[in-house]
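**Student:** Coordinates in work.cif, mmCIF, C-alpha atoms and all ligand atoms, are listed below.
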data_target
loop_
_atom_site.label_atom_id
_atom_site.label_comp_id
_atom_site.auth_asym_id
_atom_site.auth_seq_id
_atom_site.Cartn_x
_atom_site.Cartn_y
_atom_site.Cartn_z
CA MET L 1 93.93 -57.98 -12.66
CA THR L 2 92.37 -54.60 -11.77
CA PHE L 3 88.71 -54.46 -10.79
CA ARG L 4 87.93 -52.62 -14.06
CA ALA L 5 89.76 -55.26 -16.08
CA LEU L 6 87.93 -57.92 -14.11
CA LEU L 7 84.61 -56.26 -14.93
CA LEU L 8 85.50 -56.04 -18.61
CA ALA L 9 86.58 -59.67 -18.64
CA SER L 10 83.38 -60.75 -16.93
CA ALA L 11 81.32 -58.95 -19.57
CA PHE L 12 82.90 -61.24 -22.16
CA THR L 13 83.04 -64.49 -20.26
CA GLY L 14 79.63 -64.49 -18.58
CA ALA L 15 78.31 -63.86 -15.11
CA LEU L 16 80.82 -63.04 -12.40
CA PHE L 17 79.87 -64.97 -9.30
CA ALA L 18 79.81 -63.32 -5.89
CA THR L 19 82.25 -66.02 -4.83
CA GLY L 20 84.60 -65.11 -7.68
CA ALA L 21 83.70 -68.22 -9.67
CA ARG L 22 82.35 -67.73 -13.21
CA ALA L 23 79.51 -69.27 -15.19
CA GLY L 24 82.29 -70.63 -17.40
CA ASP L 25 83.39 -72.85 -14.51
CA LEU L 26 80.15 -74.83 -14.67
CA THR L 27 79.60 -78.14 -16.39
CA ILE L 28 75.97 -79.15 -16.82
CA GLY L 29 74.63 -82.42 -18.19
CA PHE L 30 71.27 -82.57 -19.98
CA SER L 31 69.33 -85.81 -20.35
CA GLN L 32 67.21 -84.96 -23.37
CA ILE L 33 64.31 -87.21 -24.44
CA GLY L 34 65.16 -87.51 -28.12
CA SER L 35 63.99 -85.77 -31.27
CA GLU L 36 60.36 -86.80 -31.59
CA SER L 37 59.14 -83.37 -32.64
CA GLY L 38 60.20 -80.09 -34.20
CA TRP L 39 59.71 -78.47 -30.81
CA ARG L 40 62.13 -80.93 -29.19
CA ALA L 41 64.78 -80.28 -31.86
CA ALA L 42 64.40 -76.54 -31.23
CA GLU L 43 64.72 -77.03 -27.49
CA THR L 44 68.03 -78.85 -28.01
CA THR L 45 69.35 -76.13 -30.36
CA VAL L 46 68.24 -73.28 -28.09
CA SER L 47 69.72 -75.00 -25.00
CA LYS L 48 73.13 -75.24 -26.68
CA ALA L 49 72.97 -71.58 -27.68
CA GLU L 50 71.94 -70.50 -24.15
CA ALA L 51 74.83 -72.53 -22.67
CA LYS L 52 77.26 -70.90 -25.10
CA LYS L 53 76.02 -67.40 -24.18
CA ARG L 54 76.88 -68.14 -20.55
CA ASN L 55 80.12 -69.93 -21.38
CA ILE L 56 78.87 -73.13 -19.71
CA THR L 57 80.24 -76.55 -20.63
CA PHE L 58 77.08 -78.37 -21.70
CA LYS L 59 76.83 -82.12 -22.28
CA ILE L 60 73.69 -83.49 -23.93
CA ALA L 61 72.69 -87.17 -23.84
CA ASP L 62 69.93 -88.15 -26.29
CA ALA L 63 67.80 -90.90 -24.71
CA GLN L 64 66.02 -91.89 -27.91
CA GLN L 65 62.68 -91.81 -26.10
CA LYS L 66 63.70 -94.40 -23.49
CA GLN L 67 63.53 -93.77 -19.75
CA GLU L 68 66.22 -96.41 -19.12
CA ASN L 69 68.62 -94.38 -21.28
CA GLN L 70 67.78 -91.26 -19.30
CA ILE L 71 68.52 -93.06 -16.03
CA LYS L 72 71.86 -94.29 -17.44
CA ALA L 73 72.73 -90.76 -18.59
CA ILE L 74 71.95 -89.30 -15.16
CA ARG L 75 74.18 -91.93 -13.50
CA SER L 76 76.94 -91.14 -15.93
CA PHE L 77 76.62 -87.38 -15.22
CA ILE L 78 76.81 -88.15 -11.49
CA ALA L 79 79.95 -90.25 -12.04
CA GLN L 80 81.50 -87.37 -14.03
CA GLY L 81 80.80 -85.00 -11.13
CA VAL L 82 78.91 -82.39 -13.16
CA ASP L 83 77.73 -79.23 -11.37
CA ALA L 84 74.05 -79.72 -12.25
CA ILE L 85 71.81 -82.01 -14.28
CA PHE L 86 68.93 -80.97 -16.52
CA LEU L 87 66.28 -83.63 -17.11
CA ALA L 88 63.39 -83.59 -19.60
CA PRO L 89 61.55 -86.62 -18.19
CA VAL L 90 59.96 -88.74 -20.90
CA VAL L 91 57.38 -90.07 -18.40
CA ALA L 92 56.32 -88.83 -14.97
CA THR L 93 57.07 -91.90 -12.83
CA GLY L 94 60.11 -94.01 -11.96
CA TRP L 95 62.64 -91.29 -11.11
CA ASP L 96 62.90 -91.44 -7.32
CA ALA L 97 65.88 -93.84 -7.05
CA VAL L 98 68.15 -92.08 -9.54
CA LEU L 99 67.22 -88.59 -8.34
CA LYS L 100 68.06 -89.68 -4.78
CA GLU L 101 71.51 -90.68 -6.08
CA ALA L 102 71.95 -87.20 -7.58
CA LYS L 103 70.83 -85.60 -4.33
CA GLU L 104 73.24 -87.72 -2.29
CA ALA L 105 76.02 -86.62 -4.65
CA ASN L 106 74.99 -82.98 -4.02
CA ILE L 107 74.15 -82.37 -7.67
CA PRO L 108 71.07 -80.22 -8.22
CA VAL L 109 68.61 -81.47 -10.84
CA VAL L 110 66.41 -79.14 -12.88
CA LEU L 111 63.39 -80.49 -14.75
CA LEU L 112 62.82 -79.06 -18.21
CA ASP L 113 59.47 -78.94 -20.02
CA ARG L 114 57.87 -81.96 -18.29
CA ASP L 115 57.08 -82.75 -14.69
CA ILE L 116 57.47 -85.83 -12.51
CA ASP L 117 55.13 -87.31 -9.92
CA PRO L 118 54.75 -85.36 -6.65
CA SER L 119 56.65 -88.12 -4.76
CA GLY L 120 59.82 -86.70 -6.37
CA LYS L 121 59.20 -83.06 -5.37
CA ASP L 122 62.09 -82.94 -2.87
CA LEU L 123 64.50 -84.52 -5.31
CA TYR L 124 64.90 -81.64 -7.74
CA LEU L 125 65.80 -77.98 -7.38
CA THR L 126 63.22 -76.46 -9.72
CA ALA L 127 61.13 -77.26 -12.79
CA VAL L 128 61.05 -74.96 -15.82
CA THR L 129 57.79 -75.83 -17.55
CA SER L 130 54.63 -74.32 -18.92
CA ASP L 131 51.27 -74.91 -17.27
CA SER L 132 50.29 -77.81 -19.50
CA VAL L 133 46.79 -78.12 -18.00
CA HIS L 134 46.26 -74.48 -18.94
CA GLU L 135 47.51 -75.12 -22.50
CA GLY L 136 44.86 -77.81 -22.97
CA LYS L 137 42.22 -75.56 -21.44
CA VAL L 138 43.09 -72.71 -23.81
CA ALA L 139 42.74 -75.15 -26.72
CA GLY L 140 39.37 -76.44 -25.46
CA GLU L 141 38.02 -72.94 -24.82
CA TRP L 142 39.12 -71.80 -28.25
CA LEU L 143 37.22 -74.70 -29.84
CA ALA L 144 34.13 -73.97 -27.75
CA SER L 145 34.27 -70.34 -28.91
CA GLN L 146 34.34 -71.47 -32.54
CA VAL L 147 31.55 -74.05 -32.58
CA GLY L 148 28.97 -72.22 -30.46
CA ALA L 149 25.90 -74.41 -29.96
CA LYS L 150 26.65 -76.72 -32.93
CA ALA L 151 27.20 -80.44 -32.17
CA CYS L 152 30.90 -81.17 -32.50
CA ASN L 153 32.66 -84.55 -32.40
CA VAL L 154 36.32 -84.17 -31.52
CA VAL L 155 39.11 -86.67 -32.12
CA GLU L 156 42.14 -86.34 -29.89
CA LEU L 157 45.77 -87.23 -30.62
CA GLN L 158 47.48 -87.72 -27.29
CA GLY L 159 51.17 -87.36 -26.56
CA THR L 160 53.41 -90.07 -25.13
CA VAL L 161 51.54 -92.28 -22.65
CA GLY L 162 52.68 -91.48 -19.09
CA ALA L 163 54.20 -88.09 -19.99
CA SER L 164 53.01 -85.34 -17.64
CA VAL L 165 52.23 -83.06 -20.57
CA ALA L 166 50.00 -85.71 -22.20
CA THR L 167 48.02 -86.31 -19.01
CA ASN L 168 47.74 -82.57 -18.33
CA ARG L 169 46.87 -81.47 -21.86
CA LYS L 170 44.10 -84.07 -21.94
CA LYS L 171 42.69 -82.89 -18.62
CA GLY L 172 42.99 -79.22 -19.56
CA PHE L 173 41.12 -79.69 -22.82
CA GLU L 174 38.36 -81.58 -21.04
CA ASP L 175 38.13 -78.69 -18.56
CA GLY L 176 37.99 -76.23 -21.47
CA ILE L 177 35.00 -77.92 -23.08
CA ALA L 178 33.25 -78.73 -19.79
CA GLY L 179 29.81 -77.16 -19.77
CA HIS L 180 29.54 -77.51 -23.57
CA SER L 181 27.58 -80.75 -23.84
CA ASN L 182 27.44 -80.29 -27.64
CA ILE L 183 31.22 -80.93 -27.81
CA LYS L 184 32.26 -84.56 -27.35
CA ILE L 185 35.61 -86.33 -27.57
CA VAL L 186 34.60 -89.38 -29.60
CA ARG L 187 38.08 -90.91 -30.10
CA SER L 188 41.34 -90.45 -28.27
CA GLN L 189 44.60 -92.28 -28.88
CA THR L 190 48.31 -91.68 -28.52
CA GLY L 191 50.32 -90.54 -31.52
CA ASP L 192 53.48 -90.41 -29.36
CA PHE L 193 54.17 -86.78 -30.29
CA THR L 194 55.40 -87.75 -33.79
CA ARG L 195 54.21 -86.75 -37.26
CA ALA L 196 54.25 -90.33 -38.55
CA LYS L 197 52.09 -91.68 -35.73
CA GLY L 198 49.82 -88.64 -35.80
CA LYS L 199 49.11 -89.39 -39.45
CA GLU L 200 48.63 -93.10 -38.88
CA VAL L 201 46.20 -92.61 -35.97
CA MET L 202 44.29 -89.90 -37.84
CA GLU L 203 43.86 -92.28 -40.80
CA SER L 204 42.26 -94.81 -38.46
CA PHE L 205 40.01 -92.11 -36.92
CA ILE L 206 38.86 -91.03 -40.40
CA LYS L 207 38.04 -94.63 -41.36
CA ALA L 208 36.13 -95.22 -38.13
CA GLU L 209 34.20 -91.94 -38.40
CA GLY L 210 32.46 -92.23 -41.76
CA GLY L 211 35.44 -91.18 -43.85
CA GLY L 212 35.82 -88.13 -41.61
CA LYS L 213 32.22 -86.91 -42.11
CA ASN L 214 31.46 -87.37 -38.40
CA ILE L 215 34.50 -85.42 -37.23
CA CYS L 216 34.13 -81.72 -36.49
CA ALA L 217 37.55 -81.03 -34.93
CA VAL L 218 40.97 -82.52 -34.17
CA TYR L 219 42.80 -81.70 -30.96
CA ALA L 220 46.46 -82.77 -30.94
CA HIS L 221 48.79 -82.55 -27.95
CA ASN L 222 51.48 -81.22 -30.29
CA ASP L 223 51.77 -79.60 -33.70
CA ASP L 224 53.83 -82.39 -35.23
CA MET L 225 51.01 -84.89 -34.75
CA MET L 226 48.66 -82.27 -36.22
CA VAL L 227 50.87 -81.82 -39.28
CA GLY L 228 50.63 -85.62 -39.77
CA ALA L 229 46.86 -85.50 -39.22
CA ILE L 230 46.49 -82.68 -41.78
CA GLN L 231 48.26 -84.88 -44.31
CA ALA L 232 45.89 -87.78 -43.50
CA MET L 233 42.85 -85.52 -43.92
CA LYS L 234 44.06 -84.21 -47.27
CA GLU L 235 44.78 -87.71 -48.54
CA ALA L 236 41.22 -88.69 -47.55
CA GLY L 237 39.84 -85.81 -49.64
CA LEU L 238 38.92 -83.67 -46.61
CA LYS L 239 39.70 -80.00 -46.11
CA PRO L 240 41.53 -79.55 -42.79
CA GLY L 241 40.96 -76.11 -41.30
CA LYS L 242 37.58 -75.89 -43.05
CA ASP L 243 35.66 -79.23 -42.95
CA ILE L 244 37.52 -80.16 -39.78
CA LEU L 245 38.85 -77.58 -37.31
CA THR L 246 42.31 -78.05 -35.81
CA VAL L 247 43.87 -76.95 -32.56
CA SER L 248 47.23 -78.12 -31.21
CA ILE L 249 50.16 -77.10 -29.03
CA ASP L 250 53.81 -75.94 -29.56
CA SER L 251 53.66 -73.28 -32.32
CA VAL L 252 56.31 -74.84 -34.58
CA PRO L 253 56.95 -73.09 -37.91
CA ASP L 254 55.17 -75.77 -39.98
CA ILE L 255 51.87 -75.24 -38.19
CA PHE L 256 52.03 -71.54 -39.08
CA LYS L 257 52.64 -72.52 -42.69
CA ALA L 258 49.54 -74.74 -42.51
CA MET L 259 47.61 -71.89 -40.87
CA ALA L 260 48.67 -69.51 -43.63
CA ALA L 261 47.37 -72.06 -46.18
CA GLY L 262 44.06 -72.27 -44.28
CA GLU L 263 44.73 -75.90 -43.32
CA ALA L 264 45.15 -75.38 -39.56
CA ASN L 265 43.25 -73.08 -37.24
CA ALA L 266 44.98 -72.58 -33.90
CA THR L 267 48.07 -73.42 -31.86
CA VAL L 268 49.17 -72.71 -28.28
CA GLU L 269 52.81 -71.66 -28.04
CA LEU L 270 55.35 -73.50 -25.90
CA THR L 271 58.70 -71.72 -25.74
CA PRO L 272 61.68 -73.92 -26.65
CA ASN L 273 63.82 -71.80 -24.30
CA MET L 274 63.47 -73.77 -21.09
CA ALA L 275 67.25 -73.94 -20.58
CA GLY L 276 67.87 -70.17 -20.34
CA PRO L 277 65.89 -69.72 -17.10
CA ALA L 278 67.27 -73.07 -15.86
CA PHE L 279 70.89 -71.95 -16.36
CA ASP L 280 70.16 -68.67 -14.57
CA ALA L 281 68.58 -70.54 -11.64
CA VAL L 282 71.60 -72.86 -11.34
CA ILE L 283 74.08 -69.97 -11.60
CA ALA L 284 72.28 -68.02 -8.84
CA TYR L 285 72.01 -71.16 -6.72
CA LYS L 286 75.68 -72.10 -7.12
CA SER L 287 77.08 -68.60 -6.75
CA LYS L 288 74.84 -67.04 -4.12
CA GLY L 289 72.90 -69.96 -2.66
CA THR L 290 69.65 -68.45 -4.02
CA VAL L 291 67.02 -71.17 -3.95
CA PRO L 292 64.71 -70.74 -6.96
CA PRO L 293 60.95 -71.20 -6.79
CA LYS L 294 59.94 -74.85 -7.22
CA TRP L 295 58.25 -73.97 -10.50
CA ILE L 296 59.55 -71.47 -13.06
CA GLN L 297 56.54 -71.13 -15.33
CA THR L 298 56.89 -70.27 -19.01
CA GLU L 299 54.21 -68.46 -20.99
CA SER L 300 51.46 -70.11 -23.09
CA LYS L 301 49.99 -67.99 -25.88
CA LEU L 302 47.24 -68.83 -28.36
CA TYR L 303 47.75 -68.06 -32.07
CA THR L 304 45.05 -68.27 -34.71
CA GLN L 305 44.81 -67.57 -38.45
CA ALA L 306 44.15 -63.92 -37.53
CA ASP L 307 47.74 -63.50 -36.26
CA ASP L 308 49.58 -63.23 -39.61
CA PRO L 309 50.83 -66.84 -39.56
CA MET L 310 53.23 -66.37 -42.51
CA LYS L 311 55.06 -63.60 -40.66
CA ILE L 312 55.37 -65.83 -37.58
CA TYR L 313 56.56 -68.71 -39.79
CA GLU L 314 59.28 -66.46 -41.26
CA SER L 315 60.38 -65.34 -37.80
CA LYS L 316 60.60 -68.89 -36.46
CA LYS L 317 61.81 -70.99 -39.37
CA ASP L 318 65.54 -70.57 -38.74
CA LEU L 319 65.43 -71.09 -34.98
CA GLY L 320 66.32 -74.78 -35.03
CA TYR L 321 62.83 -76.33 -35.33
O1 LIG S 1 57.24 -81.74 -23.26
C1 LIG S 1 56.94 -80.90 -24.33
C2 LIG S 1 56.40 -81.68 -25.47
O2 LIG S 1 57.31 -82.66 -25.87
C3 LIG S 1 56.14 -80.88 -26.72
O3 LIG S 1 54.91 -80.25 -26.73
C4 LIG S 1 56.21 -81.96 -27.75
O4 LIG S 1 56.31 -81.50 -29.07
C5 LIG S 1 57.42 -82.66 -27.28
O5 LIG S 1 57.63 -83.83 -27.81
#
Spell out the structure here as structure tokens.

**Tutor:**
Amino acid sequence: MTFRALLLASAFTGALFATGARAGDLTIGFSQIGSESGWRAAETTVSKAEAKKRNITFKIADAQQKQENQIKAIRSFIAQGVDAIFLAPVVATGWDAVLKEAKEANIPVVLLDRDIDPSGKDLYLTAVTSDSVHEGKVAGEWLASQVGAKACNVVELQGTVGASVATNRKKGFEDGIAGHSNIKIVRSQTGDFTRAKGKEVMESFIKAEGGGKNICAVYAHNDDMMVGAIQAMKEAGLKPGKDILTVSIDSVPDIFKAMAAGEANATVELTPNMAGPAFDAVIAYKSKGTVPPKWIQTESKLYTQADDPMKIYESKKDLGY
């Protein structure tokens, strides 16, 4: 094949490696957590599309929320001799043994959207995540900007216990409201990142807080739990977005719909495209030996009702959420 023909071919089949190998030669396994939220579903859809763009053979194992299933999937990817493994770790601890196995097999691991404990830092190539402490801080600061000096009791819906993003989003929010002694988190419980549990926990918060009269704001670690909480508030005769302020994280289409209806106030965006930068890092690493930074940080952006939520809903609704 002539060089020109080779160039033309590479334009169609993906990146041409310096070594002559192509992106299409790579097989990558992804241990995905499950489908607990709209954001997670979008991440899976976007990952497949990003793999296709690069002509990568992409194998996804759905762990149904269980770490043991993720460990099994990683072992199976190692046995298959994949070129790299992506891992969205459901919790932060308990990975060292299996990640050592991947390292011994010379298979680079890339963390997607969640982190693991620092003890595992040498066991993965890079992590593509947002700054989840910052996300919580943005949410807390937004709330502080809205309530001013008014006393405000907040109820918090936490994500999955032990997940880095749950720990970090809690801490970040607390940082964001620090110095505002009028704002207090009066109740905080996990809703496991799901709509159903978000609703259930919010119902119990409303009962415990005078039918909701004592609640000034809800902070949820993801939009799906907030969508469930909005439902609980409406069923209790409350007006979410007005009687009770809401702020959550992800920016899924349904939260923009709620914002457009005046039933939600703010959301911090988490891009579902973690895999795109991860594929590029693996391709550069495999083809040129380029070692990526330990953390590839994705952007976090705050949206409020002032941002034309219906337009954002329209732009996002067909993206796999
Ligand atoms: O790790 C990212 C979080 O996981 C998302 O915010 C949440 O929706 C998902 O379940």

**Student:** Residues within 7 Å of ligand LIG 1 (chain S), counting all atoms listed in the file: report them as a ChimeraX atom specification.

**Tutor:** /L:36-40,113-114,165,193,221-224,249-250,270

**Student:** May I have the residues from that selection written out with C-alpha atoms, as a PDB file, keeping the file's coordinate frame?

**Tutor:**
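Heads up, here's the output in selection_11.pdb:
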ATOM      1  CA  GLU L  36      60.360 -86.800 -31.590  1.00  0.00           C
ATOM      2  CA  SER L  37      59.140 -83.370 -32.640  1.00  0.00           C
ATOM      3  CA  GLY L  38      60.200 -80.090 -34.200  1.00  0.00           C
ATOM      4  CA  TRP L  39      59.710 -78.470 -30.810  1.00  0.00           C
ATOM      5  CA  ARG L  40      62.130 -80.930 -29.190  1.00  0.00           C
ATOM      6  CA  ASP L 113      59.470 -78.940 -20.020  1.00  0.00           C
ATOM      7  CA  ARG L 114      57.870 -81.960 -18.290  1.00  0.00           C
ATOM      8  CA  VAL L 165      52.230 -83.060 -20.570  1.00  0.00           C
ATOM      9  CA  PHE L 193      54.170 -86.780 -30.290  1.00  0.00           C
ATOM     10  CA  HIS L 221      48.790 -82.550 -27.950  1.00  0.00           C
ATOM     11  CA  ASN L 222      51.480 -81.220 -30.290  1.00  0.00           C
ATOM     12  CA  ASP L 223      51.770 -79.600 -33.700  1.00  0.00           C
ATOM     13  CA  ASP L 224      53.830 -82.390 -35.230  1.00  0.00           C
ATOM     14  CA  ILE L 249      50.160 -77.100 -29.030  1.00  0.00           C
ATOM     15  CA  ASP L 250      53.810 -75.940 -29.560  1.00  0.00           C
ATOM     16  CA  LEU L 270      55.350 -73.500 -25.900  1.00  0.00           C
TER      17      LEU L 270
END

**Student:** Using all atoms listed in the file, determine which residues lie at most 12 Å from L:Ala278, disregarding the query and same-chain residues fewer than 6 positions distant; provide the list as a ChimeraX atom specification.

**Tutor:** /L:28,30,47,50-51,54,84-88,108-113,125-129,284-285,292-298

**Student:** Quick one: distance from atom CA of L:Ala264 to atom CA of L:Val218 in Å, one decimal?

**Tutor:**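 For atom CA of L:Ala264 relative to atom CA of L:Val218, the distance reads 9.9 Å.
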
**Student:** By how many Å are atom CA of L:Ser204 and atom CA of L:Val155 apart?

**Tutor:**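 We find that atom CA of L:Ser204 and atom CA of L:Val155 lie 10.8 Å from each other.
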
**Student:** Report the distance between atom CA of L:Glu203 and atom CA of L:Cys216 in Å, rounded to one decimal place.

**Tutor:** 15.0 Å

**Student:** May I have the residues within 10 Å of L:Lys317 as a PDB file with C-alpha atoms, keeping the file's coordinate frame, using only C-alpha atoms and disregarding those fewer than 6 positions away in the same chain?

**Tutor:**
ATOM      1  CA  VAL L 252      56.310 -74.840 -34.580  1.00  0.00           C
ATOM      2  CA  PRO L 253      56.950 -73.090 -37.910  1.00  0.00           C
ATOM      3  CA  ASP L 254      55.170 -75.770 -39.980  1.00  0.00           C
ATOM      4  CA  PHE L 256      52.030 -71.540 -39.080  1.00  0.00           C
ATOM      5  CA  LYS L 257      52.640 -72.520 -42.690  1.00  0.00           C
TER       6      LYS L 257
END

**Student:** Please determine, counting only C-alpha atoms, which residue among L:Asp175, L:Glu156, L:Asp131, L:Glu141 has the shortest atom-to-atom distance to L:Met202.

**Tutor:**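 With only C-alpha atoms as the atom set, the closest residue is L:Glu156.
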
**Student:** Contacts between stretch 132-139 of chain L and stretch 145-259 of chain L, please, where a residue of stretch 145-259 of chain L counts if it comes within 8 Å (with only C-alpha atoms); show its shortest atom pair and distance in Å to one decimal, rows by chain and ascending number, as JSON lines.

**Tutor:**
{"residue": "L:Val165", "atom": "CA", "partner": "L:Ser132", "partner_atom": "CA", "distance": 5.7}
{"residue": "L:Asn168", "atom": "CA", "partner": "L:Val133", "partner_atom": "CA", "distance": 4.6}
{"residue": "L:Arg169", "atom": "CA", "partner": "L:Gly136", "partner_atom": "CA", "distance": 4.3}
{"residue": "L:Lys170", "atom": "CA", "partner": "L:Gly136", "partner_atom": "CA", "distance": 6.4}
{"residue": "L:Lys171", "atom": "CA", "partner": "L:Val133", "partner_atom": "CA", "distance": 6.3}
{"residue": "L:Gly172", "atom": "CA", "partner": "L:Gly136", "partner_atom": "CA", "distance": 4.1}
{"residue": "L:Phe173", "atom": "CA", "partner": "L:Gly136", "partner_atom": "CA", "distance": 4.2}
{"residue": "L:Glu174", "atom": "CA", "partner": "L:Lys137", "partner_atom": "CA", "distance": 7.2}
{"residue": "L:Asp175", "atom": "CA", "partner": "L:Lys137", "partner_atom": "CA", "distance": 5.9}
{"residue": "L:Gly176", "atom": "CA", "partner": "L:Lys137", "partner_atom": "CA", "distance": 4.3}
{"residue": "L:Ile177", "atom": "CA", "partner": "L:Lys137", "partner_atom": "CA", "distance": 7.8}
{"residue": "L:Tyr219", "atom": "CA", "partner": "L:Ala139", "partner_atom": "CA", "distance": 7.8}
{"residue": "L:His221", "atom": "CA", "partner": "L:Gly136", "partner_atom": "CA", "distance": 7.9}
{"residue": "L:Val247", "atom": "CA", "partner": "L:Ala139", "partner_atom": "CA", "distance": 6.2}
{"residue": "L:Ser248", "atom": "CA", "partner": "L:Ala139", "partner_atom": "CA", "distance": 7.0}
{"residue": "L:Ile249", "atom": "CA", "partner": "L:Glu135", "partner_atom": "CA", "distance": 7.3}

**Student:** Go ahead and write the selection's residues with C-alpha atoms as a compact mmCIF listing (two decimals), in the coordinates of the input.

**Tutor:**
# COMPACT_ATOMS: atom_id res chain seq x y z
CA VAL L 165 52.23 -83.06 -20.57
CA ASN L 168 47.74 -82.57 -18.33
CA ARG L 169 46.87 -81.47 -21.86
CA LYS L 170 44.10 -84.07 -21.94
CA LYS L 171 42.69 -82.89 -18.62
CA GLY L 172 42.99 -79.22 -19.56
CA PHE L 173 41.12 -79.69 -22.82
CA GLU L 174 38.36 -81.58 -21.04
CA ASP L 175 38.13 -78.69 -18.56
CA GLY L 176 37.99 -76.23 -21.47
CA ILE L 177 35.00 -77.92 -23.08
CA TYR L 219 42.80 -81.70 -30.96
CA HIS L 221 48.79 -82.55 -27.95
CA VAL L 247 43.87 -76.95 -32.56
CA SER L 248 47.23 -78.12 -31.21
CA ILE L 249 50.16 -77.10 -29.03

**Student:** Report as an MDAnalysis selection string all protein, DNA and RNA residues lying within 12 Å of L:Thr304, evaluated on all atoms listed in the file, omitting residues in the same chain fewer than 5 positions from it.

**Tutor:** chainID L and resid 138:139 142:143 146 241 245:249 251 255:260 262:269 309:310 312

**Student:** Would you list the contacts of L:Leu157 as a ChimeraX atom specification, taking every protein, DNA or RNA residue within 6 Å and counting only C-alpha atoms, but skipping same-chain residues closer than 3 positions in sequence?

**Tutor:** /L:188-191,220
